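Content type compact mmCIF, N, CA and C atoms, from the file entry_4.txt:
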# COMPACT_ATOMS: atom_id res chain seq x y z
N MET A 1115 101.84 77.87 100.19
CA MET A 1115 101.16 78.75 101.11
C MET A 1115 100.77 78.03 102.40
N LYS A 1116 100.66 76.68 102.35
CA LYS A 1116 100.28 75.97 103.57
C LYS A 1116 101.35 76.16 104.64
N TYR A 1117 102.61 76.31 104.24
CA TYR A 1117 103.67 76.55 105.22
C TYR A 1117 103.54 77.92 105.85
N LEU A 1118 103.15 78.90 105.04
CA LEU A 1118 102.93 80.25 105.57
C LEU A 1118 101.82 80.22 106.60
N PHE A 1119 100.73 79.52 106.31
CA PHE A 1119 99.63 79.41 107.26
C PHE A 1119 100.12 78.80 108.56
N PHE A 1120 100.94 77.74 108.49
CA PHE A 1120 101.46 77.09 109.68
C PHE A 1120 102.32 78.06 110.49
N ILE A 1121 103.17 78.81 109.80
CA ILE A 1121 104.04 79.76 110.49
C ILE A 1121 103.21 80.82 111.19
N LEU A 1122 102.22 81.36 110.49
CA LEU A 1122 101.38 82.40 111.08
C LEU A 1122 100.57 81.85 112.25
N LEU A 1123 100.08 80.62 112.11
CA LEU A 1123 99.35 79.99 113.20
C LEU A 1123 100.28 79.82 114.40
N PHE A 1124 101.51 79.39 114.15
CA PHE A 1124 102.48 79.21 115.21
C PHE A 1124 102.78 80.54 115.92
N ILE A 1125 102.96 81.58 115.13
CA ILE A 1125 103.28 82.89 115.70
C ILE A 1125 102.14 83.40 116.56
N THR A 1126 100.93 83.34 116.03
CA THR A 1126 99.79 83.88 116.78
C THR A 1126 99.42 83.00 117.96
N ALA A 1127 99.68 81.68 117.88
CA ALA A 1127 99.37 80.79 118.99
C ALA A 1127 100.29 81.05 120.19
N ASN A 1128 101.44 81.62 119.95
CA ASN A 1128 102.38 81.89 121.02
C ASN A 1128 102.15 83.23 121.72
N VAL A 1129 101.15 83.96 121.29
CA VAL A 1129 100.81 85.23 121.93
C VAL A 1129 99.97 84.91 123.16
N THR A 1130 100.41 85.38 124.31
CA THR A 1130 99.66 85.11 125.52
C THR A 1130 98.55 86.14 125.68
N ALA A 1131 97.39 85.66 126.03
CA ALA A 1131 96.25 86.56 126.23
C ALA A 1131 96.43 87.31 127.54
N LYS A 1132 96.07 88.58 127.52
CA LYS A 1132 96.17 89.40 128.72
C LYS A 1132 94.80 89.46 129.40
N PRO A 1133 94.77 89.43 130.72
CA PRO A 1133 93.49 89.42 131.42
C PRO A 1133 92.75 90.75 131.35
N GLU A 1134 93.42 91.82 131.01
CA GLU A 1134 92.77 93.12 131.00
C GLU A 1134 91.71 93.21 129.90
N THR A 1135 90.84 94.16 130.03
CA THR A 1135 89.75 94.30 129.07
C THR A 1135 90.03 95.37 128.02
N ASN A 1136 91.17 96.01 128.08
CA ASN A 1136 91.52 97.03 127.10
C ASN A 1136 91.86 96.35 125.78
N ASN A 1137 90.96 96.45 124.82
CA ASN A 1137 91.17 95.81 123.52
C ASN A 1137 91.46 96.84 122.44
N SER A 1138 92.03 97.95 122.80
CA SER A 1138 92.30 99.00 121.83
C SER A 1138 93.54 98.68 121.01
N ILE A 1139 93.58 99.26 119.83
CA ILE A 1139 94.71 99.01 118.94
C ILE A 1139 95.11 100.31 118.25
N ALA A 1140 96.41 100.49 118.13
CA ALA A 1140 96.96 101.66 117.42
C ALA A 1140 97.72 101.17 116.20
N PHE A 1141 97.63 101.93 115.12
CA PHE A 1141 98.43 101.68 113.92
C PHE A 1141 99.38 102.86 113.81
N TYR A 1142 100.68 102.58 113.91
CA TYR A 1142 101.65 103.67 113.86
C TYR A 1142 102.75 103.29 112.88
N TYR A 1143 102.81 104.01 111.77
CA TYR A 1143 103.73 103.68 110.68
C TYR A 1143 104.76 104.77 110.46
N SER A 1144 105.34 105.27 111.53
CA SER A 1144 106.33 106.32 111.41
C SER A 1144 107.39 106.12 112.50
N ALA A 1145 108.33 107.01 112.55
CA ALA A 1145 109.38 106.97 113.57
C ALA A 1145 109.73 108.40 113.94
N PRO A 1146 110.14 108.64 115.17
CA PRO A 1146 110.24 107.68 116.27
C PRO A 1146 108.85 107.36 116.85
N MET A 1147 108.79 106.27 117.58
CA MET A 1147 107.56 105.81 118.21
C MET A 1147 107.23 106.71 119.41
N PRO A 1148 106.03 107.26 119.48
CA PRO A 1148 105.64 108.07 120.64
C PRO A 1148 105.25 107.13 121.80
N LEU A 1149 106.23 106.68 122.54
CA LEU A 1149 106.03 105.63 123.52
C LEU A 1149 104.98 105.96 124.57
N ALA A 1150 105.00 107.13 125.12
CA ALA A 1150 104.03 107.49 126.16
C ALA A 1150 102.60 107.37 125.64
N GLU A 1151 102.36 107.81 124.41
CA GLU A 1151 101.02 107.74 123.84
C GLU A 1151 100.58 106.30 123.60
N MET A 1152 101.52 105.42 123.34
CA MET A 1152 101.19 104.03 123.04
C MET A 1152 100.70 103.27 124.27
N THR A 1153 100.93 103.81 125.47
CA THR A 1153 100.48 103.13 126.68
C THR A 1153 98.96 103.13 126.81
N PHE A 1154 98.27 103.89 125.98
CA PHE A 1154 96.81 103.90 125.99
C PHE A 1154 96.22 102.71 125.22
N TYR A 1155 97.07 101.93 124.60
CA TYR A 1155 96.62 100.84 123.74
C TYR A 1155 97.15 99.51 124.24
N SER A 1156 96.37 98.46 124.01
CA SER A 1156 96.84 97.12 124.40
C SER A 1156 97.59 96.44 123.26
N ARG A 1157 97.40 96.95 122.04
CA ARG A 1157 98.07 96.40 120.85
C ARG A 1157 98.50 97.54 119.95
N VAL A 1158 99.63 97.34 119.28
CA VAL A 1158 100.15 98.33 118.35
C VAL A 1158 100.63 97.61 117.10
N VAL A 1159 100.25 98.13 115.94
CA VAL A 1159 100.75 97.62 114.66
C VAL A 1159 101.76 98.63 114.15
N VAL A 1160 102.94 98.15 113.78
CA VAL A 1160 104.02 99.05 113.37
C VAL A 1160 104.65 98.58 112.06
N GLN A 1161 105.32 99.50 111.39
CA GLN A 1161 106.21 99.14 110.28
C GLN A 1161 107.47 98.59 110.94
N PRO A 1162 107.79 97.33 110.76
CA PRO A 1162 108.89 96.73 111.52
C PRO A 1162 110.24 97.38 111.28
N GLU A 1163 110.45 97.95 110.09
CA GLU A 1163 111.74 98.58 109.82
C GLU A 1163 111.87 99.95 110.49
N LEU A 1164 110.77 100.46 111.07
CA LEU A 1164 110.81 101.79 111.68
C LEU A 1164 110.83 101.76 113.20
N ILE A 1165 110.71 100.59 113.81
CA ILE A 1165 110.72 100.51 115.27
C ILE A 1165 112.08 99.97 115.72
N THR A 1166 112.62 100.61 116.73
CA THR A 1166 113.92 100.17 117.25
C THR A 1166 113.74 99.02 118.24
N LYS A 1167 114.81 98.33 118.51
CA LYS A 1167 114.79 97.25 119.50
C LYS A 1167 114.38 97.80 120.87
N HIS A 1168 114.91 98.97 121.20
CA HIS A 1168 114.56 99.61 122.48
C HIS A 1168 113.06 99.89 122.56
N GLU A 1169 112.48 100.44 121.48
CA GLU A 1169 111.05 100.75 121.48
C GLU A 1169 110.20 99.49 121.58
N LEU A 1170 110.59 98.46 120.84
CA LEU A 1170 109.87 97.20 120.89
C LEU A 1170 109.90 96.61 122.29
N ASN A 1171 111.06 96.57 122.90
CA ASN A 1171 111.18 96.03 124.26
C ASN A 1171 110.42 96.88 125.27
N TRP A 1172 110.46 98.19 125.12
CA TRP A 1172 109.77 99.11 126.02
C TRP A 1172 108.27 98.81 126.01
N LEU A 1173 107.71 98.65 124.83
CA LEU A 1173 106.28 98.36 124.71
C LEU A 1173 105.94 96.99 125.30
N LYS A 1174 106.75 96.00 124.99
CA LYS A 1174 106.47 94.66 125.49
C LYS A 1174 106.60 94.57 127.01
N GLN A 1175 107.52 95.34 127.60
CA GLN A 1175 107.67 95.37 129.05
C GLN A 1175 106.42 95.92 129.72
N ARG A 1176 105.62 96.66 129.00
CA ARG A 1176 104.38 97.23 129.51
C ARG A 1176 103.15 96.44 129.05
N ASN A 1177 103.40 95.21 128.65
CA ASN A 1177 102.35 94.29 128.21
C ASN A 1177 101.53 94.82 127.04
N ILE A 1178 102.18 95.54 126.17
CA ILE A 1178 101.56 96.01 124.93
C ILE A 1178 102.02 95.07 123.83
N ALA A 1179 101.07 94.38 123.20
CA ALA A 1179 101.40 93.45 122.12
C ALA A 1179 101.77 94.26 120.88
N VAL A 1180 102.88 93.90 120.26
CA VAL A 1180 103.37 94.63 119.09
C VAL A 1180 103.33 93.71 117.88
N TYR A 1181 102.58 94.16 116.86
CA TYR A 1181 102.42 93.40 115.63
C TYR A 1181 103.15 94.09 114.49
N ALA A 1182 103.84 93.31 113.71
CA ALA A 1182 104.58 93.84 112.57
C ALA A 1182 103.70 93.81 111.32
N TYR A 1183 103.65 94.92 110.62
CA TYR A 1183 102.94 95.01 109.34
C TYR A 1183 103.70 94.17 108.32
N LEU A 1184 102.97 93.34 107.57
CA LEU A 1184 103.58 92.54 106.51
C LEU A 1184 102.66 92.57 105.30
N SER A 1185 103.17 93.10 104.22
CA SER A 1185 102.43 93.14 102.96
C SER A 1185 102.59 91.80 102.27
N VAL A 1186 101.49 91.07 102.10
CA VAL A 1186 101.54 89.75 101.50
C VAL A 1186 101.47 89.82 99.98
N GLY A 1187 100.68 90.75 99.45
CA GLY A 1187 100.43 90.77 98.03
C GLY A 1187 101.17 91.80 97.22
N GLU A 1188 101.93 92.66 97.88
CA GLU A 1188 102.62 93.73 97.15
C GLU A 1188 103.99 94.01 97.75
N SER A 1189 104.80 94.66 96.94
CA SER A 1189 106.12 95.08 97.37
C SER A 1189 106.45 96.40 96.68
N PHE A 1190 107.25 97.22 97.32
CA PHE A 1190 107.70 98.45 96.68
C PHE A 1190 108.93 98.22 95.81
N SER A 1191 109.46 96.99 95.88
CA SER A 1191 110.61 96.62 95.06
C SER A 1191 110.16 95.65 93.97
N LYS A 1192 110.57 95.93 92.75
CA LYS A 1192 110.25 95.04 91.66
C LYS A 1192 111.11 93.78 91.79
N SER A 1193 110.48 92.62 91.56
CA SER A 1193 111.21 91.36 91.64
C SER A 1193 110.71 90.45 90.53
N GLU A 1194 111.29 89.26 90.45
CA GLU A 1194 110.85 88.31 89.44
C GLU A 1194 109.43 87.84 89.70
N SER A 1195 108.90 88.09 90.89
CA SER A 1195 107.52 87.72 91.23
C SER A 1195 106.52 88.84 90.93
N SER A 1196 107.00 89.99 90.50
CA SER A 1196 106.11 91.12 90.22
C SER A 1196 105.32 90.86 88.94
N LEU A 1197 104.01 91.08 89.02
CA LEU A 1197 103.14 90.88 87.87
C LEU A 1197 102.78 92.19 87.18
N THR A 1198 102.50 93.22 87.98
CA THR A 1198 102.11 94.52 87.45
C THR A 1198 102.27 95.56 88.57
N VAL A 1199 102.01 96.79 88.22
CA VAL A 1199 102.13 97.89 89.19
C VAL A 1199 100.74 98.27 89.69
N ASN A 1200 100.63 98.49 90.97
CA ASN A 1200 99.41 99.05 91.55
C ASN A 1200 99.56 100.56 91.46
N PRO A 1201 98.80 101.22 90.57
CA PRO A 1201 98.97 102.66 90.37
C PRO A 1201 98.56 103.49 91.58
N ASN A 1202 97.75 102.92 92.47
CA ASN A 1202 97.32 103.67 93.66
C ASN A 1202 98.47 103.90 94.64
N TRP A 1203 99.41 102.98 94.69
CA TRP A 1203 100.51 103.06 95.65
C TRP A 1203 101.87 103.05 94.97
N ASN A 1204 101.89 102.90 93.65
CA ASN A 1204 103.14 102.76 92.92
C ASN A 1204 103.96 101.58 93.47
N SER A 1205 103.24 100.50 93.77
CA SER A 1205 103.87 99.29 94.29
C SER A 1205 103.69 98.17 93.27
N HIS A 1206 104.36 97.07 93.50
CA HIS A 1206 104.33 95.94 92.58
C HIS A 1206 103.45 94.84 93.15
N ILE A 1207 102.43 94.44 92.38
CA ILE A 1207 101.58 93.34 92.80
C ILE A 1207 102.34 92.05 92.54
N SER A 1208 102.42 91.22 93.55
CA SER A 1208 103.23 90.01 93.48
C SER A 1208 102.41 88.80 93.06
N ASP A 1209 103.09 87.86 92.44
CA ASP A 1209 102.50 86.59 92.05
C ASP A 1209 102.50 85.69 93.28
N LEU A 1210 101.33 85.54 93.89
CA LEU A 1210 101.23 84.75 95.11
C LEU A 1210 101.49 83.27 94.89
N THR A 1211 101.47 82.83 93.63
CA THR A 1211 101.73 81.42 93.33
C THR A 1211 103.22 81.13 93.13
N ALA A 1212 104.03 82.17 93.06
CA ALA A 1212 105.46 82.00 92.80
C ALA A 1212 106.18 81.49 94.06
N ALA A 1213 106.94 80.43 93.88
CA ALA A 1213 107.70 79.85 95.01
C ALA A 1213 108.64 80.89 95.61
N GLN A 1214 109.26 81.71 94.76
CA GLN A 1214 110.19 82.73 95.24
C GLN A 1214 109.47 83.72 96.15
N TRP A 1215 108.25 84.13 95.79
CA TRP A 1215 107.50 85.08 96.61
C TRP A 1215 107.05 84.43 97.92
N GLN A 1216 106.57 83.20 97.84
CA GLN A 1216 106.15 82.49 99.05
C GLN A 1216 107.32 82.33 100.02
N GLN A 1217 108.50 82.04 99.49
CA GLN A 1217 109.69 81.92 100.34
C GLN A 1217 110.03 83.26 100.98
N HIS A 1218 109.90 84.33 100.21
CA HIS A 1218 110.15 85.67 100.74
C HIS A 1218 109.22 85.97 101.92
N ILE A 1219 107.94 85.66 101.76
CA ILE A 1219 106.97 85.92 102.83
C ILE A 1219 107.28 85.05 104.05
N GLN A 1220 107.60 83.79 103.83
CA GLN A 1220 107.95 82.91 104.95
C GLN A 1220 109.19 83.40 105.68
N ASN A 1221 110.21 83.79 104.93
CA ASN A 1221 111.43 84.31 105.55
C ASN A 1221 111.16 85.58 106.32
N SER A 1222 110.32 86.45 105.77
CA SER A 1222 109.97 87.69 106.46
C SER A 1222 109.26 87.39 107.77
N ALA A 1223 108.30 86.47 107.73
CA ALA A 1223 107.56 86.10 108.94
C ALA A 1223 108.48 85.54 110.01
N LEU A 1224 109.38 84.66 109.62
CA LEU A 1224 110.32 84.07 110.59
C LEU A 1224 111.27 85.12 111.16
N SER A 1225 111.72 86.03 110.32
CA SER A 1225 112.61 87.10 110.78
C SER A 1225 111.90 88.01 111.78
N LEU A 1226 110.66 88.33 111.51
CA LEU A 1226 109.91 89.20 112.42
C LEU A 1226 109.64 88.50 113.75
N LYS A 1227 109.35 87.21 113.69
CA LYS A 1227 109.17 86.44 114.92
C LYS A 1227 110.46 86.45 115.74
N ALA A 1228 111.58 86.25 115.06
CA ALA A 1228 112.88 86.24 115.75
C ALA A 1228 113.20 87.58 116.39
N ARG A 1229 112.73 88.66 115.80
CA ARG A 1229 112.95 90.00 116.37
C ARG A 1229 112.10 90.24 117.62
N GLY A 1230 111.09 89.41 117.85
CA GLY A 1230 110.31 89.52 119.07
C GLY A 1230 108.91 90.09 118.93
N PHE A 1231 108.43 90.25 117.72
CA PHE A 1231 107.07 90.74 117.54
C PHE A 1231 106.08 89.68 118.02
N ASN A 1232 104.95 90.13 118.56
CA ASN A 1232 103.93 89.22 119.05
C ASN A 1232 103.17 88.53 117.92
N GLY A 1233 103.14 89.13 116.76
CA GLY A 1233 102.43 88.56 115.63
C GLY A 1233 102.56 89.46 114.43
N LEU A 1234 101.76 89.15 113.42
CA LEU A 1234 101.82 89.87 112.16
C LEU A 1234 100.47 90.48 111.83
N PHE A 1235 100.49 91.65 111.23
CA PHE A 1235 99.31 92.25 110.65
C PHE A 1235 99.47 92.11 109.15
N LEU A 1236 98.68 91.21 108.56
CA LEU A 1236 98.81 90.91 107.14
C LEU A 1236 97.95 91.87 106.33
N ASP A 1237 98.55 92.47 105.32
CA ASP A 1237 97.84 93.42 104.47
C ASP A 1237 98.03 93.03 103.01
N THR A 1238 97.27 93.62 102.15
CA THR A 1238 97.30 93.48 100.69
C THR A 1238 97.04 92.04 100.25
N LEU A 1239 96.29 91.29 101.04
CA LEU A 1239 95.95 89.92 100.67
C LEU A 1239 95.09 89.87 99.42
N ASP A 1240 94.39 90.95 99.13
CA ASP A 1240 93.47 90.99 98.00
C ASP A 1240 94.01 91.76 96.80
N SER A 1241 95.25 92.10 96.79
CA SER A 1241 95.81 92.90 95.69
C SER A 1241 95.70 92.20 94.34
N TYR A 1242 95.69 90.89 94.34
CA TYR A 1242 95.55 90.16 93.08
C TYR A 1242 94.24 90.53 92.36
N GLN A 1243 93.27 91.07 93.10
CA GLN A 1243 92.01 91.47 92.48
C GLN A 1243 92.22 92.59 91.45
N LEU A 1244 93.33 93.30 91.56
CA LEU A 1244 93.63 94.38 90.62
C LEU A 1244 94.24 93.86 89.30
N LEU A 1245 94.54 92.58 89.24
CA LEU A 1245 95.15 92.02 88.03
C LEU A 1245 94.13 91.97 86.89
N ASP A 1246 94.63 92.07 85.68
CA ASP A 1246 93.72 91.99 84.53
C ASP A 1246 93.37 90.53 84.23
N LYS A 1247 92.55 90.33 83.21
CA LYS A 1247 91.99 89.01 82.89
C LYS A 1247 93.03 88.00 82.42
N LYS A 1248 94.20 88.44 82.02
CA LYS A 1248 95.21 87.48 81.55
C LYS A 1248 95.84 86.70 82.70
N HIS A 1249 95.62 87.15 83.94
CA HIS A 1249 96.15 86.45 85.11
C HIS A 1249 95.04 85.60 85.72
N ASN A 1250 95.41 84.47 86.25
CA ASN A 1250 94.47 83.53 86.87
C ASN A 1250 94.23 83.95 88.31
N LYS A 1251 93.13 84.67 88.55
CA LYS A 1251 92.83 85.16 89.89
C LYS A 1251 92.48 84.02 90.85
N SER A 1252 91.90 82.95 90.34
CA SER A 1252 91.57 81.80 91.19
C SER A 1252 92.83 81.19 91.78
N ALA A 1253 93.87 81.08 90.96
CA ALA A 1253 95.15 80.54 91.45
C ALA A 1253 95.75 81.48 92.49
N GLN A 1254 95.64 82.78 92.26
CA GLN A 1254 96.16 83.75 93.22
C GLN A 1254 95.41 83.65 94.54
N GLN A 1255 94.11 83.52 94.49
CA GLN A 1255 93.29 83.42 95.70
C GLN A 1255 93.63 82.16 96.48
N ALA A 1256 93.80 81.05 95.76
CA ALA A 1256 94.13 79.78 96.43
C ALA A 1256 95.47 79.87 97.12
Show me this structure written as structure tokens.
Amino acid sequence: MKYLFFILLFITANVTAKPETNNSIAFYYSAPMPLAEMTFYSRVVVQPELITKHELNWLKQRNIAVYAYLSVGESFSKSESSLTVNPNWNSHISDLTAAQWQQHIQNSALSLKARGFNGLFLDTLDSYQLLDKKHNKSAQQA
């Protein structure tokens, strides 16, 4: 996980601060992106698979920082890192200690950076809290 922290630090350190005072943020998880409406915000969080290259570039040309949503603790696809199902979302809670899962998150972060996102919005960091007592929550937290 220390490599993930370094990658995230690197990604966020490369975001240039804007002098304007508009600190508003929009969360938009659908497609197509309502571009005109997004000009009211200085930052937008999006589902990266739902935003087109054109939309991403359009927003960035208007100095709107675009952050890609990244689920750290869960996936909708079952994998060898899946520990159990989160019944609230019908998603799979991932084993944060698994090298395979850590590599997946690192690869995702690098891919999103390469696509041109300003940074990442990390979610589901606490999903391990839903695990039962047979799982080591301290190891997941670390």
Would you list the contacts of region 1208-1210 of chain A as number ranges by chain, taking every protein, DNA or RNA residue within 12 Å and counting only C-alpha atoms, but skipping same-chain residues closer than 5 positions in sequence?
A: 1115, 1118, 1185-1200, 1215-1219, 1238-1245, 1249-1256
Axis-aligned box for all listed atoms of region 1236-1245 of chain A, 3 Å per side, centre and edges in Å to one decimal, as lines of an AutoDock Vina configuration file:
center_x = 95.4
center_y = 92.1
center_z = 97.7
size_x = 12.8
size_y = 10.5
size_z = 27.7
Would you work out the distance separating atom N of Val1158 (chain A) from CA of Gln1175 (chain A), expressed in Å to one decimal?
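These atoms are spaced 12.8 Å apart.
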Mind listing the strand (DSSP E) residues of region 1137-1203 of chain A, per DSSP on the backbone, as a PyMOL selection string?
chain A and resi 1139-1142+1157-1160+1179-1185+1188-1189+1196-1200
One number please: CA of Phe1231 (chain A) to CA of Leu1149 (chain A), in Å, one decimal.
16.1 Å
Got a moment to write region 1151-1251 of chain A out with C-alpha atoms, as a tab-separated table (two decimals), in the first residue's frame?
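decode-v9.tsv written:
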chain	number	residue	atom	x	y	z
A	1151	GLU	CA	-23.84	22.84	-16.34
A	1152	MET	CA	-20.37	21.74	-15.23
A	1153	THR	CA	-18.97	25.24	-15.87
A	1154	PHE	CA	-20.53	26.29	-12.55
A	1155	TYR	CA	-18.03	24.10	-10.70
A	1156	SER	CA	-14.28	24.28	-10.24
A	1157	ARG	CA	-14.00	20.51	-9.70
A	1158	VAL	CA	-15.93	17.51	-11.00
A	1159	VAL	CA	-15.80	13.89	-9.85
A	1160	VAL	CA	-16.80	11.42	-12.55
A	1161	GLN	CA	-17.04	7.71	-13.24
A	1162	PRO	CA	-13.98	7.44	-15.50
A	1163	GLU	CA	-15.54	4.82	-17.78
A	1164	LEU	CA	-18.47	7.17	-18.52
A	1165	ILE	CA	-16.60	10.31	-19.58
A	1166	THR	CA	-15.31	10.66	-23.11
A	1167	LYS	CA	-11.91	12.05	-24.06
A	1168	HIS	CA	-13.68	15.02	-25.66
A	1169	GLU	CA	-15.63	15.75	-22.46
A	1170	LEU	CA	-12.54	15.44	-20.28
A	1171	ASN	CA	-10.55	17.79	-22.53
A	1172	TRP	CA	-13.46	20.24	-22.76
A	1173	LEU	CA	-13.64	20.53	-18.98
A	1174	LYS	CA	-9.88	20.83	-18.54
A	1175	GLN	CA	-9.69	23.55	-21.22
A	1176	ARG	CA	-12.03	25.57	-18.97
A	1177	ASN	CA	-9.81	25.04	-15.93
A	1178	ILE	CA	-12.22	22.60	-14.33
A	1179	ALA	CA	-10.30	19.93	-12.41
A	1180	VAL	CA	-11.61	16.46	-13.21
A	1181	TYR	CA	-11.24	13.67	-10.65
A	1182	ALA	CA	-11.82	10.03	-11.42
A	1183	TYR	CA	-13.85	7.95	-8.96
A	1184	LEU	CA	-11.86	4.93	-7.76
A	1185	SER	CA	-13.31	2.31	-5.45
A	1186	VAL	CA	-10.47	1.10	-3.23
A	1187	GLY	CA	-12.30	-1.43	-1.10
A	1188	GLU	CA	-14.90	-2.93	-3.40
A	1189	SER	CA	-15.50	-4.15	-6.91
A	1190	PHE	CA	-18.58	-5.18	-8.85
A	1191	SER	CA	-16.56	-8.06	-10.30
A	1192	LYS	CA	-15.72	-11.08	-8.21
A	1193	SER	CA	-11.99	-11.82	-8.12
A	1194	GLU	CA	-9.52	-13.89	-6.16
A	1195	SER	CA	-9.26	-10.88	-3.81
A	1196	SER	CA	-12.99	-10.88	-3.00
A	1197	LEU	CA	-13.74	-11.71	0.62
A	1198	THR	CA	-17.53	-11.32	0.78
A	1199	VAL	CA	-20.46	-9.49	-0.77
A	1200	ASN	CA	-21.65	-6.09	0.37
A	1201	PRO	CA	-25.44	-6.65	0.33
A	1202	ASN	CA	-26.12	-2.91	0.20
A	1203	TRP	CA	-24.57	-2.57	-3.26
A	1204	ASN	CA	-24.28	-6.19	-4.39
A	1205	SER	CA	-20.55	-5.57	-4.73
A	1206	HIS	CA	-17.55	-7.59	-3.60
A	1207	ILE	CA	-15.51	-6.40	-0.62
A	1208	SER	CA	-11.87	-6.79	-1.52
A	1209	ASP	CA	-8.97	-8.04	0.55
A	1210	LEU	CA	-6.87	-4.90	0.88
A	1211	THR	CA	-3.89	-7.00	1.99
A	1212	ALA	CA	-3.83	-9.05	-1.21
A	1213	ALA	CA	-0.94	-8.24	-3.54
A	1214	GLN	CA	-3.21	-8.87	-6.54
A	1215	TRP	CA	-5.73	-6.27	-5.33
A	1216	GLN	CA	-3.04	-3.72	-4.48
A	1217	GLN	CA	-1.58	-4.16	-7.97
A	1218	HIS	CA	-5.05	-3.69	-9.48
A	1219	ILE	CA	-5.51	-0.40	-7.59
A	1220	GLN	CA	-2.02	0.81	-8.56
A	1221	ASN	CA	-2.61	-0.06	-12.22
A	1222	SER	CA	-5.98	1.68	-12.14
A	1223	ALA	CA	-4.45	4.83	-10.64
A	1224	LEU	CA	-1.67	4.92	-13.23
A	1225	SER	CA	-4.12	4.34	-16.07
A	1226	LEU	CA	-6.36	7.17	-14.89
A	1227	LYS	CA	-3.38	9.50	-14.57
A	1228	ALA	CA	-2.33	8.60	-18.11
A	1229	ARG	CA	-5.83	9.45	-19.37
A	1230	GLY	CA	-5.37	12.98	-18.03
A	1231	PHE	CA	-7.44	13.13	-14.86
A	1232	ASN	CA	-6.30	15.72	-12.33
A	1233	GLY	CA	-6.57	13.27	-9.47
A	1234	LEU	CA	-8.58	10.54	-7.85
A	1235	PHE	CA	-11.63	10.49	-5.61
A	1236	LEU	CA	-11.07	7.44	-3.41
A	1237	ASP	CA	-14.16	5.69	-2.09
A	1238	THR	CA	-15.01	2.55	-0.11
A	1239	LEU	CA	-11.84	2.82	1.97
A	1240	ASP	CA	-13.82	1.60	4.98
A	1241	SER	CA	-15.65	-1.32	3.39
A	1242	TYR	CA	-13.53	-3.77	5.36
A	1243	GLN	CA	-15.58	-2.65	8.39
A	1244	LEU	CA	-18.42	-4.79	6.99
A	1245	LEU	CA	-16.32	-7.97	7.30
A	1246	ASP	CA	-17.21	-10.48	9.98
A	1247	LYS	CA	-14.96	-11.44	12.91
A	1248	LYS	CA	-13.12	-14.18	11.01
A	1249	HIS	CA	-11.30	-11.49	8.99
A	1250	ASN	CA	-8.48	-9.42	10.48
A	1251	LYS	CA	-9.81	-5.87	10.29
